[in-house]
Structure formats: structure tokens, C-alpha cells
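**Q** Quick one: the structure is below, questions incoming.
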Amino acid sequence: TYPESPEAPQATYMQGFCRYLQGDIEAALQICRAFVETYPNSPWTPEVLFWLGEHAYNQGDYPKAQSTFMDIVARFPQNELVDDALFWTGNALLQQDSFLEAFTLYGRLAKEAPESVLLLETRFAQGEALSELGEFSRAILAYEEVIKTAPDHPLADRARGRLGDCLFTLGATEAGRYQEAMDAYQALYKRP
């Protein structure tokens, strides 16, 4: 009724979120897409875009998720969701087998947001991208950083396993790596 009122953007966003919580996903998507068109510079726009990106990612539409998350980065570079948007863009790139692009984007996140709560996950994801690129020695460094940074975090156990996998793969050309792989697997085995 009052689209020019200062409360209208938040009310519209909340209306879309309510539709989503009611299970009416299509109505929620329609409201959120219209929101972005109607209020392109609202303080709520990054949040709406992030939800749209998450939805696209969860539906397997990785190109759409990638472009939506990067829209947040491009249009709202100072917003608190930028590191999340970079991280999920990297994940969308991994899903599209764009491993080098994903690695580069994760590096950007680590450089631009070194205090991000996603840094541990980012380093692990860098290891995954490097493994897919066949850069096992570099992947080992990423996994070792995860283990060193947070040795008791569940992600460190995944890193221990992936570290062993990388070492095992390198064993085909460097036989001494097989022992290192066994040591890595043993370290994981000894974890509670």
C-alpha cells in the first residue's frame, strides 16, 4: 500500500521469507526476485540475493548461484555477507568443475577477509580444488594448515584423510610418500 515508506523493503523481504517458511517456495522466489528489482539498493538487498543464491545452489543451478553470489560481491563490497558470497561462489565453481577459478576465488576470500569465520572451510576447499587439479603437493599444504589451525575441529579430521589420499597418490612416483600416507591415516585412526 505504501511502497515508498522506509519500512516497505523490510516488509516485502519478510513477506517473502514468511512464504518460504510456509512452504510456498515459488511465491517466496517471486517476491524476492521482485524485491531485487524494486529495491536494488536497499540494505536488505544483499540478504535477499544471498537467499536466492542459496536456493539456486541447493537446486543444483550452480551457474545461477555463482552469478547471484557474485552480484552481492560486486554491488555491495562492504557488506558482511561478502565473505559468505565468495565462499559459496567458490563452492558453485567446484560443482561446475572450474577448479582453478574456485581456487583463485578462495584465495581472494583468504586475502580480503583473513578474519572470516569461513577461513578454515576456505583452506580445506582450496585443498579440494588443488587435489582436483592434480596439484597434490600444494593440496597437502592446505590440508596441513587446516590441521595446524584447528587440530580438534571435525574438518581437521577430514583434512587428515585427504592429506593421506594426496600422499598416497604421490607415492606412485615417490615411494617414500606411501609411509607418509600410512602415518596420516594412522593419525586419523587414532582420533576419537
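Just remember, in the C-alpha cells the first chain shown is A, the second B, etc., residues are 1-based per chain, and ligands are 1-based in the order shown.
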Running DSSP on the backbone, which parts of range 44-82 of chain A land in helix (DSSP H, G or I), as a list of chain:residue names?

**A**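 Put together, the selection reads A:Thr45, A:Pro46, A:Glu47, A:Val48, A:Leu49, A:Phe50, A:Trp51, A:Leu52, A:Gly53, A:Glu54, A:His55, A:Ala56, A:Tyr57, A:Asn58, A:Tyr62, A:Pro63, A:Lys64, A:Ala65, A:Gln66, A:Ser67, A:Thr68, A:Phe69, A:Met70, A:Asp71, A:Ile72, A:Val73, A:Ala74, A:Arg75, A:Val82.
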
**Q** Report as a list in words all protein, DNA and RNA residues lying within 7 Å of range 39-48 of chain A, evaluated on only C-alpha atoms, omitting residues in the same chain fewer than 3 positions from it.

**A** Pro9, Gln10, Cys32, Phe35, Val36, Trp51, Leu52 and Ile72 of chain A

**Q** Enter the distance from CA of Ala65 in chain A to CA of Leu93 in chain A, in Å, rounded to one decimal.

**A**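 So the two atoms, CA of Ala65 in chain A and CA of Leu93 in chain A, lie 9.4 Å apart.
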
**Q** Need the shell around range 146-160 of chain A: protein/DNA/RNA residues with any atom at most 12 Å away, counting only C-alpha atoms. Skip same-chain ones fewer than 6 positions apart. Format as a ChimeraX atom specification?

**A** /A:118-128,131,139-140,166-167,180-192

**Q** Would you please work out which residue, of A:Leu49, A:Ser98, A:Arg162, A:His55, is nearest to Glu26 in chain A when using only C-alpha atoms?

**A** A:His55

**Q** Point out the residue among A:Leu94, A:Leu105, A:Ala113, A:Ala27 with the least atom-to-atom distance to Pro77 in chain A, counting only C-alpha atoms.

**A**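 Nearest to Pro77 in chain A: A:Ala113.
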
**Q** For a quick check of understanding, using only C-alpha atoms, which of A:Gln95, A:Asp84, A:Thr169, A:Phe17 has the smallest distance to Gly134 in chain A?

**A**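 Under the stated criterion, the closest residue is A:Thr169.
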
**Q** Which distance in Å separates CA of Gly107 in chain A and CA of Glu174 in chain A, to one decimal?

**A**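 Between these atoms lies a distance of 28.5 Å.
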
**Q** Between CA of Ala129 in chain A and CA of Phe103 in chain A, what is the spacing in Å?

**A**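 According to the coordinates, CA of Phe103 in chain A and CA of Ala129 in chain A are separated by 5.7 Å.
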